[in-house]
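Asks: Would you mind keeping the following structure in view while I ask a few things?
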Amino acid sequence: MPVITMRDALNDALREELARDESVFLMGEEVAEYQGAYKVTRGLLEEFGAKRIIDSPITELGFAGLGVGAAMAGLRPIIEFMTFNFSILATDQIINSAAKMRYMSGGQFKIPIVFRGPGGSAYQVSSQHSQAIESWYAYFPGLKVVMPSTPADAKGLLKSAIRDDDPVIFIEQERMYGMKGEVPDDNDFTIPLGVADIKREGTDATIVARSLLVPTALKAAEELEKEGISCEVIDPRTIRPLDIETIIKSVMKTNRVIVAEESHPFCGIGAEISAEIHERAFDYLDAPVKRVSGADVPMPYAKNLEQLAIPDVPQLIAAVKEVAYV
Amino acid sequence: MSSQTTQRQENARTGAAGVIDQPDKSTDRLLEEEDRETLLKLFHQMLLIRRFEEKCAESYSLGKIGGFCHLYIGQEAVGVGSISALRPDDYVITSYREHGQAIAKGISPEAVMAELYGKATGCSKGKGGSMHLFDASVNFMGGHAIVGGQIPLATGIAFSSKYRQTDQVTVCYFGEAAVNQGAFHESLNMAQLWKLPCIYLCENNMYGMGTSLQRAMSMDDVATKACAYELAAEFVDGMDVMAMRRATQRAVERARKHSLPTLIEARTYRYMGHSMSDPGKYRTREEIEKYQERDPIKLFRATLEENDLLTEDDVKQLEEQVREQVERAVKFADDSPFPQPEELTTDIYATPLS
């Protein structure tokens, strides 16, 4: 299996799906001639032409809404946000139009659209360009939210998202574009939405992590193994629908849980997963569910402060030891 | 301040600030070019919508219609005239004041009334209500309830027609207050940049809820805003159904043949409050009566009568026919069942969650 970067895995997914279905088009800022602000869309203009790979003006609300309208009228748009920070301008169209159209029309319209782009923390760009907002979107019925943590997952999940008949928020971690991994080069390789992946099996504690925190959790698990503590690492991959069954099954086995995330703790996905575990598996817990989240502050610029705002391996190790009472 | 405001109001009403595309005002000539059947259909539709909306007000007072209910009374010529210029497969998308346009586009009064009553037989299965009427079978792409939210959607629907190389045209209705939203400006820019077959039809009824245009907009004329995007535009007398039909026909030709957008500003007026809960204290009785002198139904009736195309007996017959249509719609809505409890959790996803 070829070893490629997350960036190239996403590029492959886009290329294969654009080739597979004429009704798929890609629109966003700098996606065509500039080849993508992060080069995820490199080469697509040349291969598919200006009709299908479209540079938009800086008009997020406008082109997000254009995408939803196009989806209502038979197309399958992929709308790229240069970063998800800019999707905040488009939330009216994502939430009030994309998420609710099917319901309020009594099921008459499907909205097969993917809103994708980098999200989460970046490197030293301060508060407005470095934040994880998946909990905003995951809150709304009608949306699906996907966050891959490996190149293979990125490819398989993006292909599924493009083929899905519902609006999908697909958040790529900005720091992970260069991450390498084995990726199937098979055109039919897809990963279904809503299925968690056990990234590492273990018996003593479960770490539920997504996106950037998956590699961190795996490193922590590796360190803890040396101390005789066996951690299971579960990546839900899809935040909505959430594969809570896989998480609960693991909790019933390990009886101890850490939920790791780079996002703010308040009203976050970690809080939701924690609540679900308490409701469904309270009797199996040997310790309260422990959240390890990003700091509850806007992201600072200074490198040392920025590092303090994102959970790291020592923090995860300490958290596991806390729930394991060691 | 007050004299300036009065002058601005007068300018806004007459379009004195400037006309971009000179509308064709010759009603007599228009009548020569249309057959009587078409003209009577327009009259019938306006009358039906007027009586339908009057019945809605009554049903709302009786508690049969819930939530917000925005009536179209006074604005009938805009929806009826413009939709009459479309093909059945053209798209219409609009705001929350959409009962009239829904009926004009071909949703049955029964399905609209049942939706207002929150019944399972409503055009949105009772899940949308007054502000969210939809019917995919007639390409009625919905009532949308965030001011201006439908404008980018319309742009996308038009984008799809162009992409799929159909020659379908999209008409997007919105009020003048929506023009202050970024969604309007972002959409017009994209539409002209990418040459999309979309007609942006602003129904300037002079008030955004209780705020007059003069208190909300730095200029009086909506159509002139098209200049900023080099879009074709024209002012139309929104009380004149034939003027609306003609202006829309011109815009349809521009869209269908040349794939170009148009901004139409229809000068109109709503007689009722913003919604049923609005006592309307921001305007005078005299002002409303002044506009009612140019009532679109009254005006068109006079034109038809002057041209020997309509008699008093015809009107009586039409009134009776419309009364029956509305009664039928109410009976259908009354007799229909509410949605089953299971409907609460259906229609959220097209691909159900595992």
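To be explicit about the labels: the chains of the structure tokens are called A, B, and onward in the order shown, and within each one the residues are counted from 1, while ligands get numbers from 1 in the order they are shown.
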Could you list, as a count of residues only, every residue within 9 Å of B:Asn180, counting only C-alpha atoms and ignoring same-chain residues fewer than 6 positions away?

Replies: 3

Asks: Counting only C-alpha atoms, which residues in chain B sit no more than 8 Å from chain A? For each one, give the nearest pair of atoms and the distance in Å, sorted by chain then residue number, as CSV.

Replies:
```
residue,atom,partner,partner_atom,distance
B:Cys123,CA,A:Gly106,CA,7.8
B:Ser124,CA,A:Gly106,CA,4.5
B:Lys125,CA,A:Gly106,CA,5.1
B:Gly126,CA,A:Gly106,CA,7.3
B:Lys127,CA,A:Met104,CA,5.1
B:Gly128,CA,A:Met104,CA,4.5
B:His132,CA,A:Met104,CA,6.5
B:Leu133,CA,A:Ser105,CA,7.0
B:Phe134,CA,A:Ser105,CA,5.5
B:Asp135,CA,A:Gln108,CA,7.4
B:Ala136,CA,A:Gln108,CA,6.3
B:Gly142,CA,A:Ser105,CA,7.6
B:Ile146,CA,A:Asn96,CA,7.9
B:Gly149,CA,A:Gln93,CA,7.1
B:Pro152,CA,A:Gly65,CA,4.7
B:Leu153,CA,A:Gly69,CA,4.0
B:Ala154,CA,A:Gly69,CA,6.1
B:Thr155,CA,A:Leu66,CA,5.5
B:Gly156,CA,A:Leu66,CA,3.7
B:Ile157,CA,A:Gly69,CA,4.7
B:Ala158,CA,A:Ala70,CA,7.6
B:Phe159,CA,A:Ala70,CA,6.4
B:Ser160,CA,A:Ala70,CA,5.0
B:Ser161,CA,A:Ala73,CA,7.8
B:Tyr163,CA,A:Lys51,CA,7.6
B:Ala183,CA,A:Gly62,CA,6.0
B:Glu186,CA,A:Gly62,CA,5.2
B:Ser187,CA,A:Gly62,CA,5.8
B:Met190,CA,A:Pro57,CA,7.8
B:Thr346,CA,A:Tyr103,CA,7.6
B:Asp347,CA,A:Gly107,CA,4.7
B:Ile348,CA,A:Tyr103,CA,5.2
B:Tyr349,CA,A:Gly142,CA,5.9
B:Ala350,CA,A:Asp165,CA,5.8
B:Thr351,CA,A:Asp165,CA,6.0
B:Leu353,CA,A:Pro241,CA,6.4
B:Ser354,CA,A:Gly194,CA,7.1
```

Asks: If you run DSSP on the backbone here, which positions in stretch 122-267 of chain B get strand (DSSP E)? Please write them as a PDB file with C-alpha atoms, in the first residue's frame.

Replies:
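The file below, part_36.pdb, is the result:
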```pdb
ATOM      1  CA  PHE B 140     -41.383  25.722  -5.492  1.00  0.00           C
ATOM      2  CA  MET B 141     -38.154  25.740  -3.509  1.00  0.00           C
ATOM      3  CA  GLY B 142     -39.529  27.051  -0.341  1.00  0.00           C
ATOM      4  CA  GLY B 143     -40.389  29.789   1.933  1.00  0.00           C
ATOM      5  CA  THR B 170     -34.925  30.934 -11.066  1.00  0.00           C
ATOM      6  CA  VAL B 171     -36.992  33.721  -9.544  1.00  0.00           C
ATOM      7  CA  CYS B 172     -36.085  34.787  -6.023  1.00  0.00           C
ATOM      8  CA  TYR B 173     -38.440  37.020  -4.029  1.00  0.00           C
ATOM      9  CA  PHE B 174     -37.441  39.080  -1.025  1.00  0.00           C
ATOM     10  CA  GLY B 175     -38.535  42.262   0.670  1.00  0.00           C
ATOM     11  CA  CYS B 198     -31.494  34.262 -11.791  1.00  0.00           C
ATOM     12  CA  ILE B 199     -34.124  36.966 -11.367  1.00  0.00           C
ATOM     13  CA  TYR B 200     -33.839  38.771  -8.051  1.00  0.00           C
ATOM     14  CA  LEU B 201     -37.264  40.224  -7.434  1.00  0.00           C
ATOM     15  CA  CYS B 202     -37.432  42.712  -4.595  1.00  0.00           C
ATOM     16  CA  GLU B 203     -40.936  43.361  -3.317  1.00  0.00           C
ATOM     17  CA  ASN B 204     -40.514  46.833  -1.939  1.00  0.00           C
ATOM     18  CA  TYR B 207     -41.610  48.457   5.536  1.00  0.00           C
ATOM     19  CA  GLY B 208     -39.295  45.891   7.114  1.00  0.00           C
ATOM     20  CA  THR B 211     -39.287  50.073  10.201  1.00  0.00           C
ATOM     21  CA  SER B 212     -39.875  52.161   7.112  1.00  0.00           C
ATOM     22  CA  ALA B 232     -29.559  44.672 -15.414  1.00  0.00           C
ATOM     23  CA  ALA B 233     -32.328  46.188 -13.333  1.00  0.00           C
ATOM     24  CA  GLU B 234     -35.674  47.878 -13.543  1.00  0.00           C
ATOM     25  CA  PHE B 235     -38.341  49.472 -11.399  1.00  0.00           C
ATOM     26  CA  VAL B 236     -41.844  48.128 -11.832  1.00  0.00           C
ATOM     27  CA  ASP B 237     -45.213  49.262 -10.570  1.00  0.00           C
ATOM     28  CA  THR B 262     -31.690  40.778 -13.375  1.00  0.00           C
ATOM     29  CA  LEU B 263     -32.748  42.763 -10.345  1.00  0.00           C
ATOM     30  CA  ILE B 264     -36.377  43.851 -10.430  1.00  0.00           C
ATOM     31  CA  GLU B 265     -37.704  46.255  -7.857  1.00  0.00           C
ATOM     32  CA  ALA B 266     -41.468  46.029  -7.587  1.00  0.00           C
ATOM     33  CA  ARG B 267     -43.018  48.982  -5.771  1.00  0.00           C
TER      34      ARG B 267
END
```

Asks: Report as a PyMOL selection string all protein, DNA and RNA residues lying within 12 Å of B:Arg294, evaluated on only C-alpha atoms, omitting residues in the same chain fewer than 2 positions from it.

Replies: chain B and resi 13+74-75+77+237-241+267-271+287-292+296-302

Asks: Could you list, as number ranges by chain, every residue within 12 Å of stretch 104-108 of chain B, counting only C-alpha atoms and ignoring same-chain residues fewer than 4 positions away?

Replies: B: 41-50, 52, 76-94, 98-100, 112-115, 121-124, 133-142, 171, 325-326, 328-330, 332-333

Asks: Would you save the residues of that selection, restricted to C-alpha atoms, as a short mmCIF file (atom, residue, chain, number, x, y, z; two decimals), in the first residue's frame?

Replies:
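Writing the result to again33.cif gives the following:
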```
data_model
loop_
_atom_site.label_atom_id
_atom_site.label_comp_id
_atom_site.auth_asym_id
_atom_site.auth_seq_id
_atom_site.Cartn_x
_atom_site.Cartn_y
_atom_site.Cartn_z
CA LYS B 41 -56.47 33.66 -15.16
CA LEU B 42 -54.31 36.44 -13.72
CA PHE B 43 -57.41 38.16 -12.33
CA HIS B 44 -58.70 34.89 -10.92
CA GLN B 45 -55.39 34.10 -9.23
CA MET B 46 -55.14 37.52 -7.61
CA LEU B 47 -58.69 37.25 -6.35
CA LEU B 48 -58.08 33.72 -5.07
CA ILE B 49 -54.96 34.79 -3.19
CA ARG B 50 -56.75 37.82 -1.70
CA PHE B 52 -57.34 32.93 0.68
CA GLU B 76 -50.86 39.97 -5.20
CA ALA B 77 -49.92 41.53 -8.55
CA VAL B 78 -46.23 40.97 -7.90
CA GLY B 79 -46.39 37.21 -7.37
CA VAL B 80 -49.13 36.54 -9.92
CA GLY B 81 -47.72 38.77 -12.67
CA SER B 82 -44.16 37.51 -12.34
CA ILE B 83 -44.96 33.81 -12.03
CA SER B 84 -47.23 34.07 -15.08
CA ALA B 85 -44.09 34.81 -17.10
CA LEU B 86 -42.43 31.52 -16.10
CA ARG B 87 -42.47 27.99 -17.46
CA PRO B 88 -43.75 25.29 -15.12
CA ASP B 89 -40.22 23.88 -14.76
CA ASP B 90 -38.73 27.22 -13.73
CA TYR B 91 -37.81 27.62 -10.08
CA VAL B 92 -39.33 29.91 -7.49
CA ILE B 93 -37.82 30.53 -4.06
CA THR B 94 -39.00 33.10 -1.60
CA GLU B 98 -45.19 33.23 0.49
CA HIS B 99 -48.73 31.84 0.53
CA GLY B 100 -49.63 33.80 -2.60
CA VAL B 112 -51.19 25.28 1.45
CA MET B 113 -54.06 25.67 3.93
CA ALA B 114 -53.41 22.19 5.36
CA GLU B 115 -49.79 23.18 5.92
CA THR B 121 -51.61 16.59 4.17
CA GLY B 122 -49.87 19.97 4.03
CA CYS B 123 -47.37 20.66 1.28
CA SER B 124 -44.53 20.22 3.82
CA LEU B 133 -44.10 25.96 2.16
CA PHE B 134 -42.31 23.62 -0.27
CA ASP B 135 -43.34 21.60 -3.31
CA ALA B 136 -40.57 19.95 -5.28
CA SER B 137 -43.06 18.72 -7.90
CA VAL B 138 -43.71 22.31 -9.08
CA ASN B 139 -40.17 23.54 -8.32
CA PHE B 140 -41.38 25.72 -5.49
CA MET B 141 -38.15 25.74 -3.51
CA GLY B 142 -39.53 27.05 -0.34
CA VAL B 171 -36.99 33.72 -9.54
CA GLN B 325 -62.03 27.14 -3.68
CA VAL B 326 -61.19 28.72 -0.35
CA ARG B 328 -62.74 23.65 -0.04
CA ALA B 329 -59.22 24.40 1.16
CA VAL B 330 -60.44 25.12 4.69
CA PHE B 332 -59.69 19.90 3.52
CA ALA B 333 -57.38 21.37 6.16
#
```

Asks: When you draw a straight line from atom CA of A:Ile79 to atom CA of A:Gly117, how long is it in Å?

Replies: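 Atom CA of A:Gly117 lies at a distance of 8.4 Å from atom CA of A:Ile79.
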
Asks: For A:Ala319, work out the shell of residues within 9 Å, counting only C-alpha atoms and skipping chain neighbours fewer than 5 positions away, then give it as a list of chain:residue names.

Replies: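 Everything that qualifies: A:Ile258, A:Lys290, A:Arg291, A:Val292, A:Pro314, A:Ala324.
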
Asks: Let's see if you can do this: from backbone DSSP, list all helix (DSSP H, G or I) residues in stretch 122-221 of chain A, as a ChimeraX atom specification.

Replies: /A:134-138,151-163,174-176,213-221

Asks: Would you list the contacts of stretch 4-19 of chain A as a ChimeraX atom specification, taking every protein, DNA or RNA residue within 6 Å and counting only C-alpha atoms, but skipping same-chain residues closer than 4 positions in sequence?

Replies: /A:24,40-41,151,155,159,177-181

Asks: What would the file look like if the residues just selected were written as a JSON list (two decimals), in the first residue's frame with C-alpha atoms?

Replies:
```json
[["chain", "number", "residue", "atom", "x", "y", "z"],
["A", 24, "VAL", "CA", -19.77, 16.78, -8.10],
["A", 40, "VAL", "CA", -5.27, 19.88, -1.00],
["A", 41, "THR", "CA", -6.83, 20.72, -4.39],
["A", 151, "PRO", "CA", -4.44, 9.64, 5.83],
["A", 155, "LYS", "CA", -9.51, 9.35, 2.11],
["A", 159, "LYS", "CA", -15.22, 9.66, -0.35],
["A", 177, "TYR", "CA", -1.82, 17.69, 6.43],
["A", 178, "GLY", "CA", 1.80, 16.49, 6.28],
["A", 179, "MET", "CA", 1.17, 13.34, 8.35],
["A", 180, "LYS", "CA", 2.06, 10.19, 6.41],
["A", 181, "GLY", "CA", 0.41, 6.80, 6.39]]
```

Asks: Have a look at atom CA of A:Leu218 and atom CA of A:Asn304 and let me know their distance in Å, one decimal.

Replies: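 Between atom CA of A:Leu218 and atom CA of A:Asn304 the gap works out to 23.2 Å.
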
Asks: Can you pull out the residues contacting stretch 276-282 of chain B? Cut-off 9 Å, using only C-alpha atoms, and skip same-chain residues under 2 positions away; I want them as a JSON list (two decimals) with C-alpha atoms, in the first residue's frame.

Replies:
```
[["chain", "number", "residue", "atom", "x", "y", "z"],
["B", 57, "ALA", "CA", -56.52, 35.96, 8.98],
["B", 60, "TYR", "CA", -55.48, 32.59, 12.66],
["B", 61, "SER", "CA", -57.89, 34.48, 14.92],
["B", 68, "PHE", "CA", -46.19, 33.52, 12.66],
["B", 69, "CYS", "CA", -48.45, 34.25, 9.73],
["B", 70, "HIS", "CA", -47.44, 36.91, 7.18],
["B", 71, "LEU", "CA", -50.16, 37.88, 4.74],
["B", 209, "MET", "CA", -41.60, 44.82, 9.91],
["B", 210, "GLY", "CA", -42.28, 48.20, 11.59],
["B", 211, "THR", "CA", -39.29, 50.07, 10.20],
["B", 212, "SER", "CA", -39.88, 52.16, 7.11],
["B", 272, "MET", "CA", -51.94, 44.11, 6.75],
["B", 273, "GLY", "CA", -49.36, 44.16, 9.53],
["B", 274, "HIS", "CA", -45.96, 42.51, 9.16],
["B", 284, "THR", "CA", -51.41, 55.88, 9.60]]
```

Asks: Have a look at atom CA of A:Ser160 and atom CA of A:Glu201 and let me know their distance in Å, one decimal.

Replies: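 Atom-to-atom, atom CA of A:Ser160 to atom CA of A:Glu201, that is 25.6 Å.
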
Asks: Pick from A:Gly119, A:Pro288, A:Pro300, A:Gly49: nearest to A:Glu322, with only C-alpha atoms counted?

Replies: A:Pro288

Asks: Calculated over only C-alpha atoms, which of the candidates A:Met27, A:Leu44, A:Met299, A:Leu285 has the smallest distance to A:Val114?

Replies: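 So, comparing all the options, the nearest one is A:Met27.
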